[in-house]
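Here is run-v7.cif, consisting of mmCIF, C-alpha atoms:
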data_target
#
loop_
_atom_site.label_atom_id
_atom_site.label_comp_id
_atom_site.auth_asym_id
_atom_site.auth_seq_id
_atom_site.Cartn_x
_atom_site.Cartn_y
_atom_site.Cartn_z
CA MET A 337 -6.19 -11.92 -43.24
CA SER A 338 -3.88 -8.88 -43.32
CA GLU A 339 -0.50 -9.11 -44.93
CA ILE A 340 1.40 -8.85 -41.66
CA GLN A 341 -0.53 -11.91 -40.36
CA ASP A 342 0.62 -13.97 -43.35
CA PRO A 343 3.87 -15.75 -42.40
CA LEU A 344 4.96 -15.57 -46.06
CA SER A 345 4.70 -11.80 -46.21
CA GLY A 346 7.93 -9.90 -46.51
CA ALA A 347 6.82 -7.62 -43.68
CA ALA A 348 6.41 -10.54 -41.28
CA ILE A 349 9.78 -12.03 -42.23
CA GLU A 350 11.48 -8.64 -42.03
CA ARG A 351 10.09 -8.10 -38.54
CA ARG A 352 11.49 -11.44 -37.41
CA LEU A 353 14.87 -10.65 -38.95
CA ARG A 354 15.02 -7.43 -36.94
CA ASP A 355 13.96 -9.25 -33.78
CA LEU A 356 16.73 -11.81 -34.34
CA ALA A 357 19.24 -8.99 -34.86
CA GLY A 358 18.66 -8.01 -31.25
CA TYR A 359 20.76 -11.01 -30.24
CA THR A 360 24.20 -9.54 -30.76
CA ASP A 361 27.55 -9.84 -28.99
CA ILE A 362 28.14 -6.09 -29.29
CA ALA A 363 25.37 -3.57 -28.65
CA GLY A 364 24.70 -1.28 -31.59
CA GLU A 365 25.99 -3.64 -34.28
CA MET A 366 25.14 -7.05 -35.72
CA THR A 367 27.90 -9.30 -34.43
CA ARG A 368 26.93 -12.84 -33.44
CA LEU A 369 29.88 -15.20 -33.39
CA SER A 370 29.48 -18.95 -33.47
CA LEU A 371 28.59 -20.56 -30.10
CA SER A 372 28.63 -17.26 -28.21
CA THR A 373 26.18 -16.59 -25.39
CA THR A 374 24.08 -14.41 -27.69
CA HIS A 375 24.14 -17.12 -30.35
CA LYS A 376 22.72 -19.45 -27.70
CA SER A 377 20.00 -16.90 -26.87
CA ALA A 378 19.21 -16.53 -30.58
CA VAL A 379 18.82 -20.31 -30.89
CA GLU A 380 16.48 -20.36 -27.90
CA HIS A 381 14.42 -17.58 -29.50
CA LEU A 382 14.29 -19.39 -32.83
CA GLY A 383 13.46 -22.67 -31.15
CA LYS A 384 10.28 -21.13 -29.75
CA LEU A 385 9.32 -19.91 -33.23
CA PHE A 386 10.03 -23.32 -34.72
CA ARG A 387 7.86 -25.09 -32.18
CA ALA A 388 5.03 -22.57 -32.62
CA ALA A 389 5.15 -23.35 -36.36
CA GLY A 390 4.55 -27.04 -35.71
CA MET A 391 8.13 -28.25 -35.76
CA ARG A 392 10.08 -30.35 -33.30
CA ALA A 393 13.12 -28.21 -32.50
CA THR A 394 16.40 -29.66 -31.24
CA VAL A 395 20.04 -28.60 -30.99
CA ASP A 396 22.52 -31.12 -32.38
CA PRO A 397 26.12 -31.87 -31.26
CA MET A 398 27.57 -29.15 -33.53
CA GLY A 399 25.22 -26.46 -32.21
CA ASN A 400 22.89 -26.46 -35.23
CA LEU A 401 19.22 -25.79 -34.49
CA VAL A 402 17.08 -28.28 -36.42
CA GLY A 403 13.33 -27.87 -36.77
CA ARG A 404 11.64 -30.99 -38.15
CA TYR A 405 8.15 -30.88 -39.69
CA ALA A 406 6.77 -34.32 -40.49
CA PRO A 407 2.96 -34.27 -40.25
CA ALA A 408 0.96 -37.45 -40.71
CA GLY A 409 0.60 -38.27 -44.38
CA CYS A 410 3.78 -36.65 -45.64
CA GLY A 411 6.18 -38.68 -47.78
CA PRO A 412 8.99 -40.74 -46.28
CA LYS A 413 11.86 -38.57 -47.48
CA THR A 414 13.14 -35.28 -46.06
CA LEU A 415 14.00 -31.95 -47.66
CA LEU A 416 16.59 -29.79 -45.89
CA ILE A 417 16.08 -26.01 -45.95
CA GLY A 418 18.58 -23.84 -44.17
CA SER A 419 21.32 -21.32 -43.76
CA HIS A 420 23.40 -19.95 -40.90
CA ILE A 421 22.76 -17.50 -38.07
CA ASP A 422 26.36 -16.76 -37.07
CA THR A 423 27.69 -13.52 -38.56
CA VAL A 424 30.86 -11.66 -39.34
CA ARG A 425 31.71 -8.70 -37.14
CA ASP A 426 29.52 -5.64 -37.72
CA ALA A 427 27.37 -7.46 -40.26
CA GLY A 428 24.00 -6.91 -41.85
CA ILE A 429 20.86 -8.71 -40.73
CA TYR A 430 20.07 -10.70 -43.90
CA ASP A 431 23.13 -12.81 -44.69
CA GLY A 432 22.29 -16.35 -43.57
CA ASN A 433 19.45 -15.28 -41.31
CA LEU A 434 17.13 -14.71 -44.29
CA GLY A 435 17.36 -18.33 -45.42
CA VAL A 436 16.38 -19.59 -41.98
CA MET A 437 13.45 -17.18 -41.63
CA VAL A 438 12.11 -17.96 -45.09
CA GLY A 439 12.26 -21.69 -44.36
CA LEU A 440 10.42 -21.08 -41.08
CA ALA A 441 7.79 -19.01 -42.90
CA VAL A 442 7.12 -21.80 -45.41
CA VAL A 443 6.60 -24.41 -42.70
CA GLU A 444 4.47 -22.03 -40.65
CA SER A 445 2.23 -21.33 -43.63
CA LEU A 446 1.79 -25.05 -44.36
CA HIS A 447 1.00 -25.75 -40.72
CA ARG A 448 -1.46 -22.85 -40.50
CA ASP A 449 -3.27 -23.93 -43.65
CA GLY A 450 -3.29 -27.63 -42.77
CA VAL A 451 -1.41 -28.49 -45.95
CA VAL A 452 0.55 -31.73 -45.81
CA PRO A 453 3.80 -31.43 -47.82
CA PRO A 454 4.97 -34.27 -50.05
CA CYS A 455 7.97 -34.86 -47.77
CA ALA A 456 9.19 -34.10 -44.28
CA ILE A 457 10.96 -30.75 -43.95
CA GLU A 458 13.91 -29.83 -41.76
CA VAL A 459 14.65 -26.14 -41.32
CA ILE A 460 18.22 -25.79 -40.10
CA ALA A 461 19.97 -22.79 -38.54
CA PHE A 462 23.62 -23.73 -38.97
CA SER A 463 25.99 -22.76 -36.20
CA ASP A 464 29.20 -21.92 -38.04
CA GLU A 465 29.35 -20.71 -41.62
CA GLU A 466 31.42 -17.55 -41.35
CA GLY A 467 34.49 -19.06 -39.66
CA VAL A 468 35.15 -15.90 -37.66
CA ARG A 469 35.61 -17.38 -34.18
CA PHE A 470 37.36 -20.69 -34.92
CA PRO A 471 39.83 -21.54 -37.71
CA SER A 472 37.59 -24.01 -39.58
CA THR A 473 34.30 -23.04 -41.14
CA LEU A 474 31.12 -24.71 -42.44
CA THR A 475 31.53 -27.18 -39.60
CA GLY A 476 27.81 -27.41 -38.82
CA SER A 477 26.74 -28.17 -42.37
CA LYS A 478 29.73 -30.43 -43.03
CA ALA A 479 28.75 -32.57 -40.07
CA LEU A 480 25.27 -33.05 -41.56
CA ALA A 481 26.93 -33.93 -44.86
CA GLY A 482 28.94 -36.70 -43.18
CA LYS A 483 32.21 -34.77 -43.43
CA PHE A 484 32.87 -34.27 -39.71
CA ASP A 485 36.54 -33.91 -38.74
CA PRO A 486 37.26 -34.65 -35.02
CA ARG A 487 40.09 -32.10 -35.09
CA TRP A 488 37.52 -29.31 -35.22
CA LEU A 489 36.62 -29.94 -31.59
CA ASP A 490 40.12 -29.04 -30.43
CA GLU A 491 40.42 -25.80 -32.40
CA MET A 492 40.80 -22.70 -30.24
CA ASP A 493 39.42 -19.21 -30.64
CA GLY A 494 41.43 -16.03 -30.02
CA LYS A 495 40.83 -16.29 -26.27
CA GLY A 496 42.06 -19.87 -25.98
CA VAL A 497 38.58 -21.44 -25.77
CA ARG A 498 38.36 -24.78 -27.53
CA ARG A 499 35.37 -25.51 -29.72
CA ARG A 500 34.65 -28.58 -27.59
CA GLY A 501 34.26 -26.42 -24.49
CA ALA A 502 32.23 -23.82 -26.36
CA LEU A 503 29.78 -26.52 -27.47
CA VAL A 504 29.37 -27.73 -23.88
CA ALA A 505 28.72 -24.17 -22.69
CA PHE A 506 26.29 -23.76 -25.56
CA GLY A 507 24.29 -26.72 -24.31
CA ALA A 508 24.90 -28.93 -27.32
CA PRO A 509 24.66 -32.69 -26.75
CA THR A 510 28.02 -34.38 -26.22
CA THR A 511 27.18 -37.29 -28.52
CA ASP A 512 29.35 -38.12 -31.53
CA PRO A 513 28.78 -35.51 -34.29
CA ARG A 514 29.20 -38.25 -36.87
CA GLU A 515 25.79 -39.53 -35.85
CA ILE A 516 24.01 -36.49 -37.33
CA ALA A 517 25.06 -37.18 -40.92
CA ARG A 518 21.99 -37.31 -43.14
CA ASP A 519 21.30 -40.41 -45.21
CA PRO A 520 21.32 -39.55 -48.93
CA ALA A 521 18.90 -42.42 -49.54
CA THR A 522 16.20 -40.73 -47.47
CA THR A 523 17.07 -37.06 -48.11
CA LEU A 524 15.75 -35.30 -51.20
CA GLY A 525 18.29 -32.49 -51.11
CA TYR A 526 19.25 -29.17 -49.60
CA VAL A 527 17.79 -25.79 -50.61
CA GLU A 528 19.02 -22.39 -49.44
CA VAL A 529 17.54 -18.93 -49.94
CA HIS A 530 20.11 -16.16 -49.65
CA ILE A 531 20.70 -12.55 -50.59
CA GLU A 532 22.88 -12.37 -53.67
CA GLN A 533 25.69 -10.46 -51.92
CA GLY A 534 26.46 -8.96 -55.31
CA PRO A 535 25.03 -6.39 -57.73
CA VAL A 536 23.96 -8.56 -60.68
CA LEU A 537 20.25 -8.90 -59.90
CA GLU A 538 19.85 -5.24 -59.05
CA ALA A 539 21.63 -4.22 -62.25
CA ALA A 540 19.27 -6.48 -64.22
CA GLY A 541 16.22 -5.09 -62.41
CA LEU A 542 15.22 -8.57 -61.23
CA PRO A 543 14.15 -9.73 -57.76
CA LEU A 544 15.30 -13.36 -57.94
CA GLY A 545 18.07 -15.46 -59.40
CA VAL A 546 18.65 -19.21 -59.54
CA VAL A 547 22.20 -20.23 -58.71
CA THR A 548 24.00 -22.44 -61.21
CA ALA A 549 27.03 -23.22 -59.06
CA ILE A 550 28.95 -21.98 -56.05
CA ASN A 551 32.36 -20.90 -57.22
CA GLY A 552 35.42 -22.94 -56.50
CA VAL A 553 38.26 -20.94 -55.01
CA THR A 554 42.06 -20.92 -54.90
CA ARG A 555 43.82 -18.62 -52.44
CA GLY A 556 47.48 -18.09 -51.80
CA ASP A 557 50.48 -15.84 -51.27
CA ILE A 558 53.13 -14.38 -53.53
CA ALA A 559 56.39 -13.29 -51.87
CA LEU A 560 58.86 -11.12 -53.75
CA ARG A 561 62.46 -10.43 -52.74
CA GLY A 562 64.57 -7.87 -54.54
CA MET A 563 67.19 -5.51 -53.15
CA ALA A 564 66.51 -2.50 -50.94
CA GLY A 565 68.40 0.63 -51.83
CA HIS A 566 68.56 4.39 -51.45
CA ALA A 567 65.74 6.08 -53.37
CA GLY A 568 67.97 9.00 -54.33
CA THR A 569 71.17 7.27 -55.43
CA LEU A 570 69.98 4.05 -57.07
CA PRO A 571 69.49 4.49 -60.84
CA MET A 572 66.15 3.30 -62.21
CA ALA A 573 67.73 0.82 -64.60
CA MET A 574 69.70 -0.84 -61.79
CA ARG A 575 66.85 -1.40 -59.34
CA HIS A 576 65.44 -4.69 -58.09
CA ASP A 577 62.21 -3.16 -56.82
CA ALA A 578 59.95 -5.73 -55.16
CA LEU A 579 57.02 -3.35 -54.86
CA ALA A 580 57.15 -2.37 -58.53
CA ALA A 581 57.13 -6.08 -59.38
CA ALA A 582 54.12 -6.53 -57.09
CA ALA A 583 52.30 -3.69 -58.83
CA GLU A 584 52.86 -5.28 -62.22
CA ILE A 585 51.70 -8.67 -60.91
CA ILE A 586 48.53 -7.12 -59.47
CA LEU A 587 47.63 -5.77 -62.91
CA GLU A 588 48.40 -9.15 -64.49
CA ILE A 589 46.04 -10.85 -62.01
CA GLU A 590 43.32 -8.29 -62.67
CA GLU A 591 43.68 -8.73 -66.43
CA ARG A 592 43.50 -12.52 -66.11
CA GLY A 593 40.30 -12.16 -64.11
CA ARG A 594 38.76 -10.03 -66.85
CA ALA A 595 39.70 -12.51 -69.58
CA THR A 596 37.29 -15.35 -68.66
CA PRO A 597 33.52 -15.00 -68.15
CA ASP A 598 32.36 -15.67 -64.56
CA LEU A 599 35.94 -15.87 -63.31
CA VAL A 600 37.14 -13.33 -60.75
CA ALA A 601 40.67 -12.72 -59.52
CA THR A 602 41.55 -10.47 -56.61
CA VAL A 603 44.57 -9.20 -54.73
CA GLY A 604 43.20 -8.37 -51.30
CA VAL A 605 46.38 -7.73 -49.28
CA ILE A 606 49.76 -6.23 -50.07
CA GLU A 607 52.52 -5.81 -47.52
CA VAL A 608 55.87 -4.05 -47.80
CA PRO A 609 58.02 -4.96 -44.78
CA GLY A 610 60.22 -2.11 -43.58
CA ALA A 611 58.66 0.34 -46.02
CA THR A 612 59.77 3.96 -45.82
CA ILE A 613 59.48 6.89 -48.18
CA ASN A 614 63.12 7.09 -49.23
CA VAL A 615 63.95 3.39 -49.73
CA VAL A 616 63.45 1.26 -52.83
CA PRO A 617 61.45 -1.69 -51.47
CA GLY A 618 63.40 -4.91 -51.21
CA ARG A 619 60.49 -7.12 -50.18
CA ALA A 620 56.77 -7.36 -50.88
CA ARG A 621 54.03 -9.87 -50.23
CA LEU A 622 50.59 -10.06 -51.79
CA THR A 623 47.64 -12.43 -51.63
CA PHE A 624 45.56 -13.79 -54.49
CA ASP A 625 42.01 -15.12 -54.58
CA VAL A 626 40.73 -16.75 -57.78
CA ARG A 627 37.13 -17.99 -58.10
CA SER A 628 35.03 -19.57 -60.82
CA PRO A 629 32.03 -21.89 -61.19
CA SER A 630 34.31 -23.96 -63.45
CA ASP A 631 37.17 -25.75 -61.71
CA ASP A 632 38.98 -26.16 -65.04
CA ALA A 633 38.77 -22.43 -65.75
CA ARG A 634 39.97 -21.61 -62.23
CA ARG A 635 42.92 -23.98 -62.44
CA ARG A 636 43.94 -22.58 -65.84
CA ALA A 637 43.80 -19.06 -64.45
CA VAL A 638 45.95 -19.97 -61.45
CA LYS A 639 48.49 -21.61 -63.78
CA ASP A 640 48.54 -18.46 -65.93
CA ILE A 641 48.98 -16.23 -62.88
CA LYS A 642 51.91 -18.35 -61.70
CA ALA A 643 53.50 -17.98 -65.15
CA ALA A 644 52.95 -14.20 -65.03
CA VAL A 645 54.60 -14.01 -61.60
CA ASP A 646 57.64 -15.87 -62.91
CA ARG A 647 57.80 -13.66 -65.99
CA VAL A 648 57.56 -10.40 -64.07
CA ALA A 649 60.08 -11.56 -61.47
CA ALA A 650 62.58 -12.52 -64.15
CA GLY A 651 62.09 -9.23 -65.98
CA ARG A 652 62.72 -7.20 -62.84
CA SER A 653 65.45 -9.45 -61.42
CA VAL A 654 63.61 -10.29 -58.20
CA GLU A 655 63.01 -13.66 -56.58
CA ALA A 656 59.42 -14.90 -56.33
CA THR A 657 57.68 -17.66 -54.42
CA PHE A 658 54.11 -18.69 -55.21
CA GLU A 659 52.22 -20.69 -52.58
CA ILE A 660 48.63 -21.97 -52.63
CA ARG A 661 47.12 -21.81 -49.14
CA HIS A 662 43.54 -22.92 -49.74
CA GLU A 663 41.63 -24.64 -52.51
CA ALA A 664 37.97 -25.67 -52.71
CA GLU A 665 36.18 -27.18 -55.67
CA ALA A 666 33.09 -25.61 -57.20
CA THR A 667 29.68 -26.91 -56.13
CA PRO A 668 27.34 -27.33 -59.10
CA CYS A 669 23.67 -26.94 -58.27
CA ASP A 670 21.30 -29.75 -59.14
CA ALA A 671 19.66 -29.28 -62.53
CA THR A 672 16.27 -30.72 -61.53
CA LEU A 673 15.89 -28.74 -58.30
CA SER A 674 17.16 -25.58 -59.98
CA ALA A 675 14.72 -25.96 -62.87
CA ALA A 676 11.89 -26.34 -60.37
CA LEU A 677 12.94 -23.15 -58.56
CA GLU A 678 13.09 -21.33 -61.88
CA ALA A 679 9.66 -22.59 -62.94
CA ARG A 680 8.07 -21.62 -59.62
CA SER A 681 9.69 -18.19 -59.83
CA ARG A 682 8.22 -17.61 -63.28
CA ALA A 683 4.82 -18.80 -62.11
CA ALA A 684 5.01 -16.24 -59.29
CA GLY A 685 5.58 -13.44 -61.80
CA ALA A 686 9.35 -13.18 -61.53
CA ASP A 687 11.71 -13.59 -64.46
CA PRO A 688 14.79 -15.08 -62.78
CA ILE A 689 18.21 -15.24 -64.33
CA ARG A 690 20.74 -17.97 -63.72
CA LEU A 691 24.00 -16.89 -62.14
CA PRO A 692 26.90 -18.36 -60.17
CA SER A 693 27.57 -17.54 -56.54
CA GLY A 694 30.91 -15.91 -55.92
CA ALA A 695 30.51 -16.28 -52.16
CA GLY A 696 30.64 -19.53 -50.24
CA HIS A 697 27.56 -20.99 -48.53
CA ASP A 698 26.54 -23.95 -46.38
CA ALA A 699 25.27 -25.58 -49.58
CA MET A 700 28.92 -26.22 -50.51
CA SER A 701 29.19 -28.78 -47.72
CA PHE A 702 26.77 -31.12 -49.49
CA ARG A 703 28.83 -31.37 -52.69
CA ASP A 704 28.84 -35.00 -53.90
CA VAL A 705 26.46 -35.94 -51.05
CA LEU A 706 23.04 -34.38 -51.75
CA PRO A 707 21.44 -32.44 -54.60
CA VAL A 708 21.58 -28.74 -53.74
CA ALA A 709 19.82 -25.65 -55.06
CA MET A 710 19.95 -21.97 -54.16
CA LEU A 711 17.59 -19.05 -54.74
CA PHE A 712 19.07 -15.56 -54.61
CA THR A 713 17.17 -12.42 -53.69
CA ARG A 714 18.23 -9.01 -54.88
CA CYS A 715 20.17 -6.90 -52.37
CA ARG A 716 20.62 -3.15 -52.58
CA GLY A 717 23.91 -2.13 -54.13
CA GLY A 718 25.19 -5.69 -53.86
CA VAL A 719 26.32 -4.78 -50.32
CA SER A 720 26.85 -7.59 -47.81
CA HIS A 721 28.89 -8.25 -44.65
CA ASN A 722 28.04 -4.65 -43.87
CA PRO A 723 25.35 -2.89 -41.79
CA ALA A 724 24.04 -1.37 -45.03
CA GLU A 725 22.97 -4.82 -46.28
CA PHE A 726 19.32 -4.58 -47.40
CA ALA A 727 16.61 -6.53 -49.23
CA THR A 728 13.08 -5.25 -49.78
CA GLU A 729 10.02 -6.77 -48.15
CA GLU A 730 8.58 -7.36 -51.61
CA ASP A 731 11.57 -9.43 -52.75
CA ILE A 732 11.66 -11.36 -49.48
CA GLY A 733 7.96 -12.20 -49.66
CA LEU A 734 8.31 -13.28 -53.28
CA ALA A 735 11.16 -15.64 -52.39
CA ALA A 736 9.08 -17.14 -49.57
CA ARG A 737 6.12 -17.80 -51.87
CA VAL A 738 8.38 -19.35 -54.48
CA LEU A 739 9.94 -21.63 -51.89
CA ARG A 740 6.53 -22.79 -50.64
CA ASP A 741 5.38 -23.57 -54.19
CA PHE A 742 8.67 -25.36 -54.82
CA VAL A 743 8.18 -27.56 -51.75
CA LEU A 744 4.61 -28.45 -52.69
CA GLY A 745 5.70 -29.34 -56.22
CA LEU A 746 8.40 -31.79 -55.21
#
Represent the structure contained in this file as structure tokens.
Amino acid sequence: MSEIQDPLSGAAIERRLRDLAGYTDIAGEMTRLSLSTTHKSAVEHLGKLFRAAGMRATVDPMGNLVGRYAPAGCGPKTLLIGSHIDTVRDAGIYDGNLGVMVGLAVVESLHRDGVVPPCAIEVIAFSDEEGVRFPSTLTGSKALAGKFDPRWLDEMDGKGVRRRGALVAFGAPTTDPREIARDPATTLGYVEVHIEQGPVLEAAGLPLGVVTAINGVTRGDIALRGMAGHAGTLPMAMRHDALAAAAEIILEIEERGRATPDLVATVGVIEVPGATINVVPGRARLTFDVRSPSDDARRRAVKDIKAAVDRVAAGRSVEATFEIRHEAEATPCDATLSAALEARSRAAGADPIRLPSGAGHDAMSFRDVLPVAMLFTRCRGGVSHNPAEFATEEDIGLAARVLRDFVLGL
């Protein structure tokens, strides 16, 4: 059998990824927002592939596509394998989509070879991980985790369309989403294959990595108010420059991020209302984003950043407010499942490293509900959420083979 005929081959999976990329809201770029008409077409396309691979494919009340493979003789419990197929605007073709296609490839190979797995398998294409169209995110996976919030149904997109109406137009059942929560007593866990979205594996020259935890995150705003004044007449020693204070705070945040292993701290936005070239800025606003696989380390860093803001503000005689807008706890990956992924990777000839995930994933939804594990594949340049996103066929095929061996070894 040629490589392209093998569902586990990177070439076969790559071809399917490119076919799926044809379902886009905007011609010429990979944009597929949650519950859009092209998202619906993509689900219909995937549903045909799922059924051809021996699965029963259904769409649930949150718009997730679920392919269930439970041949006679398999064990009574179920393993969830999945990721999302919604994208950011002008995305790459691998983020999320890869995890779904690799899960499909594993089931297809088992079905083709007549191999009965030790458990039932559900391959899930989640409907809403990116949170681009509606305010809330991870809604598809959170519903499966038993964390459904009825308020999500009344959220509106930028055009005034409520999620409830979008789900009806999508063709999702109108039954209560709380009914799709998986029973931890009969579910072995959740496993997700994903591109790293970072440069660590490539820098190490390694194709695969086993995720230790998905970073917790704290995000917020810092507002600074000084006194605007004439840039030519106001002496330097008498200024209350909000922008200069912001600059000093940015460096403090960067330094705090460098001080703790695996912790990252970022200022992504800075605004200077009323800015002009010949005025000392009287106001400034900046955002902060602090992430770590350790919640204790993250909380300490946020506390230190707040202290630095107060210190800088006092030293420059400006007023400062510090507000946390979003906080999510870290999701530790299950030690047993992760060890099995690592062992199967080594058996396949890879030498995986363990690393945290700085990006969020559907796996986060199952925190404190199911054991979770993640396998990262190397991506070129660490680029993601970008058309330049790329993973090699060799790395993709290796991840697929590892996942199949992992399933059979459960």
Using all atoms listed in the file, which protein or nucleic acid residues come within 12 Å of Asp464 of chain A? Drop anything in the same chain fewer than 2 positions from it, and give the result as a ChimeraX atom specification. /A:368-372,375,398-401,419-424,432,460-462,466-479,488,499,503,697-698,701
Please provide the set of residues having any atom within 12 Å of Thr612 of chain A, restricted to only C-alpha atoms, with same-chain residues fewer than 3 positions apart removed, written as a VMD selection string. chain A and resid 564 to 567 579 608 to 609 615 to 619
Residues within 8 Å of Thr374 of chain A, please, as a ChimeraX atom specification. Count only C-alpha atoms; anything in the same chain fewer than 6 positions from it doesn't count. /A:359-361,368
Produce a file of the selected residues containing C-alpha atoms, as an mmCIF file, in the coordinates of the input.
data_model
loop_
_atom_site.group_PDB
_atom_site.id
_atom_site.type_symbol
_atom_site.label_atom_id
_atom_site.label_comp_id
_atom_site.auth_asym_id
_atom_site.auth_seq_id
_atom_site.Cartn_x
_atom_site.Cartn_y
_atom_site.Cartn_z
ATOM 1 C CA TYR A 359 20.760 -11.010 -30.240
ATOM 2 C CA THR A 360 24.200 -9.540 -30.760
ATOM 3 C CA ASP A 361 27.550 -9.840 -28.990
ATOM 4 C CA ARG A 368 26.930 -12.840 -33.440
#
So which residues touch Ile417 of chain A within 8 Å, counting all atoms listed in the file, skipping near sequence neighbours fewer than 6 positions away, as a PyMOL selection string? chain A and resi 435-436+439+457-460+526-528
Excluding Val547 of chain A and its own-chain neighbours fewer than 2 positions away, which residues fall within 12 Å of it when counting only C-alpha atoms? Please give them as a PyMOL selection string. chain A and resi 527-532+536-537+544-545+549-551+629+667-671+673-675+677-678+688-697+699+708-713
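Take atom CA of Ser720 of chain A and atom CA of Ile732 of chain A: the distance between them is 15.7 Å.
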By how many Å are atom CA of Ala601 of chain A and atom CA of Arg647 of chain A apart?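 Here the two named atoms are 18.3 Å from each other.
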Taking all atoms listed in the file into account, which of A:His576, A:Leu440, A:Glu663, A:Ile362 comes nearest Lys384 of chain A?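 That would be A:Leu440, the residue with the smallest distance to Lys384 of chain A.
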Run the PyMOL selection byres ((chain A and resi 518) around 10) against the file shown and list the residues it catches, as an MDAnalysis selection string. chainID A and resid 414 416 479:482 514:517 519:523 705:706
